[in-house]
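What follows is the content of work_3.txt, which has compact mmCIF, C-alpha atoms:
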```
# COMPACT_ATOMS: atom_id res chain seq x y z
CA MET A 1 -60.49 -143.75 -65.82
CA MET A 2 -61.33 -140.92 -63.43
CA VAL A 3 -64.01 -138.68 -64.90
CA ARG A 4 -66.56 -136.05 -64.02
CA SER A 5 -70.09 -136.23 -65.45
CA THR A 6 -69.89 -132.64 -66.72
CA CYS A 7 -66.48 -133.13 -68.39
CA GLY A 8 -66.61 -133.03 -72.19
CA SER A 9 -62.94 -134.02 -72.45
CA CYS A 10 -63.67 -137.10 -70.35
CA ALA A 11 -66.27 -138.32 -72.85
CA ARG A 12 -63.93 -137.59 -75.78
CA VAL A 13 -60.99 -139.44 -74.22
CA GLU A 14 -63.22 -142.39 -73.30
CA ARG A 15 -64.37 -142.67 -76.94
CA GLN A 16 -60.74 -142.41 -78.05
CA ILE A 17 -59.30 -145.11 -75.81
CA ARG A 18 -62.18 -147.61 -75.49
CA PRO A 19 -61.39 -149.35 -78.83
CA ILE A 20 -57.70 -149.61 -77.90
CA CYS A 21 -58.54 -151.09 -74.50
CA GLU A 22 -60.88 -153.61 -76.10
CA LYS A 23 -58.28 -154.59 -78.70
CA TYR A 24 -55.66 -155.26 -76.01
CA GLY A 25 -58.04 -156.97 -73.57
CA ALA A 26 -57.95 -154.20 -70.99
CA THR A 27 -61.05 -153.37 -68.98
CA LEU A 28 -61.98 -149.69 -69.14
CA THR A 29 -63.86 -148.64 -66.03
CA THR A 30 -64.98 -145.08 -65.41
CA VAL A 31 -65.25 -143.62 -61.93
CA ASP A 32 -66.99 -140.28 -61.34
CA VAL A 33 -64.68 -138.45 -58.95
CA ASP A 34 -67.64 -136.46 -57.62
CA SER A 35 -69.04 -139.67 -56.10
CA ASP A 36 -66.36 -139.74 -53.41
CA GLN A 37 -65.02 -136.76 -51.46
CA GLU A 38 -61.54 -138.34 -51.23
CA LYS A 39 -61.41 -138.64 -55.01
CA VAL A 40 -62.57 -135.03 -55.37
CA MET A 41 -59.67 -133.98 -53.13
CA GLU A 42 -57.17 -136.18 -54.99
CA TYR A 43 -58.16 -135.40 -58.57
CA GLY A 44 -59.89 -132.03 -58.33
CA ASP A 45 -60.13 -130.63 -61.86
CA ARG A 46 -57.46 -133.02 -63.19
CA VAL A 47 -59.86 -135.16 -65.18
CA PRO A 48 -59.81 -137.27 -67.20
CA VAL A 49 -57.09 -139.27 -65.49
CA ILE A 50 -56.18 -142.68 -66.90
CA LEU A 51 -54.93 -145.32 -64.47
CA ILE A 52 -53.29 -148.56 -65.52
CA ASP A 53 -53.01 -151.18 -62.79
CA GLY A 54 -53.72 -148.43 -60.24
CA ASP A 55 -50.91 -146.14 -61.42
CA GLU A 56 -51.52 -142.83 -63.14
CA PHE A 57 -50.76 -143.17 -66.84
CA ALA A 58 -52.12 -139.93 -68.30
CA CYS A 59 -54.01 -136.80 -67.39
CA TRP A 60 -56.19 -134.74 -69.76
CA GLU A 61 -54.76 -136.16 -73.01
CA VAL A 62 -53.79 -139.68 -74.07
CA ASP A 63 -51.30 -140.56 -76.79
CA ASN A 64 -52.65 -143.65 -78.55
CA GLU A 65 -49.18 -145.06 -79.28
CA ASP A 66 -48.12 -144.68 -75.64
CA LEU A 67 -51.32 -146.41 -74.53
CA VAL A 68 -50.78 -149.31 -76.94
CA GLU A 69 -47.20 -149.66 -75.68
CA ALA A 70 -48.33 -149.65 -72.04
CA LEU A 71 -51.10 -152.18 -72.64
CA SER A 72 -48.74 -154.44 -74.58
CA ARG A 73 -46.40 -154.86 -71.62
CA PRO A 74 -46.94 -157.81 -69.28
CA GLN A 75 -49.08 -156.97 -66.26
CA GLY A 76 -46.91 -155.80 -63.38
CA VAL A 77 -44.35 -154.29 -65.78
CA ARG A 78 -46.65 -151.51 -66.91
```
Taking this structure as input, can you express it in the form of structure tokens?
Amino acid sequence: MMVRSTCGSCARVERQIRPICEKYGATLTTVDVDSDQEKVMEYGDRVPVILIDGDEFACWEVDNEDLVEALSRPQGVR
């Protein structure tokens, strides 16, 4: 999950999806985009961004049902 320390939406989305990730055995890792200039350039103000297996899954908002569906698929098919 790409975040920014000053992003209130990032904290809200993390609280929203953490229980789902735990239930489906997915590791939720947060990365502050401001810690790396390349990430600042790539993500800018588009945070939070959720990545699953390195691919962008959602930006700003996450639909719980879509997340459950994505995490239920076998790895590599997500």
Calculate how many Å separate CA of Pro48 in chain A from CA of Ser72 in chain A, rounding to one decimal.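 Between CA of Pro48 in chain A and CA of Ser72 in chain A the gap works out to 21.7 Å.
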Taking 3 positions as the minimum chain separation for residues in the same chain, which residues sit within 8 Å of Ile50 in chain A when counting only C-alpha atoms? Answer as a PyMOL selection string. chain A and resi 1-2+56-59
Nearest to Cys10 in chain A, chosen from A:Gln75, A:Gly54, A:Glu38, A:Val49, with only C-alpha atoms counted in the distances: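 Closest to Cys10 in chain A, using only C-alpha atoms: A:Val49.
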Expressed in Å, the length from CA of Arg15 in chain A to CA of Glu42 in chain A is 24.0 Å
Considering only C-alpha atoms, can you say which of A:Glu61, A:Leu67, A:Val40, A:Arg4 comes closest to Pro19 in chain A? A:Leu67
Ranking A:Arg12, A:Arg73, A:Val3, A:Asp63 by minimum distance to Thr29 in chain A and counting all atoms listed in the file, which one comes first? A:Val3
Selected residue of minimal separation from Ala70 in chain A among A:Ile20, A:Gly8, A:Lys39, A:Thr30, counting all atoms listed in the file: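 So, comparing all the options, the nearest one is A:Ile20.
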Between CA of Leu71 in chain A and CA of Ala26 in chain A, what is the distance, to one decimal in Å?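 Between CA of Leu71 in chain A and CA of Ala26 in chain A the gap is 7.3 Å.
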Work out where the centre of an axis-aligned box around every listed atom of range 28-46 of chain A lies and how long its edges are once 3 Å is added on each side; give both in Å to one decimal as AutoDock Vina command-line options.
```
--center_x -63.1 --center_y -140.2 --center_z -60.2 --size_x 17.9 --size_y 25.1 --size_z 23.9
```
Would you please take range 13-41 of chain A of the structure in the block above and write N, CA and C atoms to a file as a tab-separated table (two decimals), in the first residue's frame?
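Listing of selection33.tsv after writing:
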```tsv
chain	number	residue	atom	x	y	z
A	13	VAL	N	-8.13	3.93	4.81
A	13	VAL	CA	-8.14	2.76	3.94
A	13	VAL	C	-7.34	1.62	4.57
A	14	GLU	N	-6.23	1.94	5.22
A	14	GLU	CA	-5.46	0.89	5.89
A	14	GLU	C	-6.30	0.20	6.97
A	15	ARG	N	-7.02	0.98	7.77
A	15	ARG	CA	-7.89	0.39	8.80
A	15	ARG	C	-9.00	-0.45	8.16
A	16	GLN	N	-9.48	-0.02	7.01
A	16	GLN	CA	-10.55	-0.73	6.30
A	16	GLN	C	-10.08	-2.08	5.78
A	17	ILE	N	-8.89	-2.11	5.17
A	17	ILE	CA	-8.49	-3.34	4.46
A	17	ILE	C	-7.63	-4.28	5.30
A	18	ARG	N	-7.03	-3.80	6.38
A	18	ARG	CA	-6.15	-4.67	7.19
A	18	ARG	C	-6.87	-5.95	7.63
A	19	PRO	N	-8.11	-5.87	8.18
A	19	PRO	CA	-8.78	-7.11	8.60
A	19	PRO	C	-9.03	-8.08	7.44
A	20	ILE	N	-9.33	-7.54	6.27
A	20	ILE	CA	-9.57	-8.39	5.10
A	20	ILE	C	-8.28	-9.08	4.69
A	21	CYS	N	-7.19	-8.34	4.66
A	21	CYS	CA	-5.89	-8.93	4.31
A	21	CYS	C	-5.53	-10.03	5.30
A	22	GLU	N	-5.72	-9.77	6.57
A	22	GLU	CA	-5.40	-10.78	7.59
A	22	GLU	C	-6.26	-12.03	7.41
A	23	LYS	N	-7.54	-11.84	7.14
A	23	LYS	CA	-8.45	-12.97	6.97
A	23	LYS	C	-8.03	-13.86	5.80
A	24	TYR	N	-7.53	-13.24	4.73
A	24	TYR	CA	-7.17	-14.00	3.53
A	24	TYR	C	-5.68	-14.30	3.43
A	25	GLY	N	-4.95	-14.05	4.52
A	25	GLY	CA	-3.53	-14.41	4.57
A	25	GLY	C	-2.62	-13.54	3.72
A	26	ALA	N	-3.08	-12.34	3.40
A	26	ALA	CA	-2.26	-11.42	2.61
A	26	ALA	C	-1.48	-10.51	3.55
A	27	THR	N	-0.26	-10.22	3.20
A	27	THR	CA	0.56	-9.31	3.98
A	27	THR	C	0.30	-7.88	3.52
A	28	LEU	N	-0.08	-7.02	4.45
A	28	LEU	CA	-0.28	-5.61	4.13
A	28	LEU	C	0.95	-4.84	4.57
A	29	THR	N	1.65	-4.30	3.60
A	29	THR	CA	2.85	-3.50	3.87
A	29	THR	C	2.59	-2.09	3.38
A	30	THR	N	2.93	-1.10	4.21
A	30	THR	CA	2.77	0.28	3.78
A	30	THR	C	4.14	0.86	3.43
A	31	VAL	N	4.15	1.65	2.36
A	31	VAL	CA	5.36	2.32	1.91
A	31	VAL	C	5.05	3.80	1.77
A	32	ASP	N	5.79	4.64	2.49
A	32	ASP	CA	5.62	6.09	2.40
A	32	ASP	C	6.27	6.55	1.10
A	33	VAL	N	5.46	7.05	0.18
A	33	VAL	CA	6.01	7.45	-1.12
A	33	VAL	C	7.01	8.58	-1.00
A	34	ASP	N	6.91	9.36	0.07
A	34	ASP	CA	7.85	10.48	0.26
A	34	ASP	C	9.25	10.01	0.63
A	35	SER	N	9.42	8.72	0.89
A	35	SER	CA	10.74	8.20	1.27
A	35	SER	C	11.63	7.93	0.05
A	36	ASP	N	11.07	8.05	-1.14
A	36	ASP	CA	11.81	7.71	-2.36
A	36	ASP	C	11.35	8.64	-3.48
A	37	GLN	N	12.27	9.40	-4.03
A	37	GLN	CA	11.92	10.38	-5.06
A	37	GLN	C	11.25	9.73	-6.27
A	38	GLU	N	11.66	8.52	-6.64
A	38	GLU	CA	11.02	7.83	-7.76
A	38	GLU	C	9.56	7.53	-7.46
A	39	LYS	N	9.28	7.14	-6.23
A	39	LYS	CA	7.89	6.87	-5.85
A	39	LYS	C	7.07	8.16	-5.81
A	40	VAL	N	7.68	9.26	-5.38
A	40	VAL	CA	7.00	10.55	-5.41
A	40	VAL	C	6.61	10.88	-6.84
A	41	MET	N	7.53	10.67	-7.77
A	41	MET	CA	7.25	10.96	-9.19
A	41	MET	C	6.16	10.04	-9.72
```
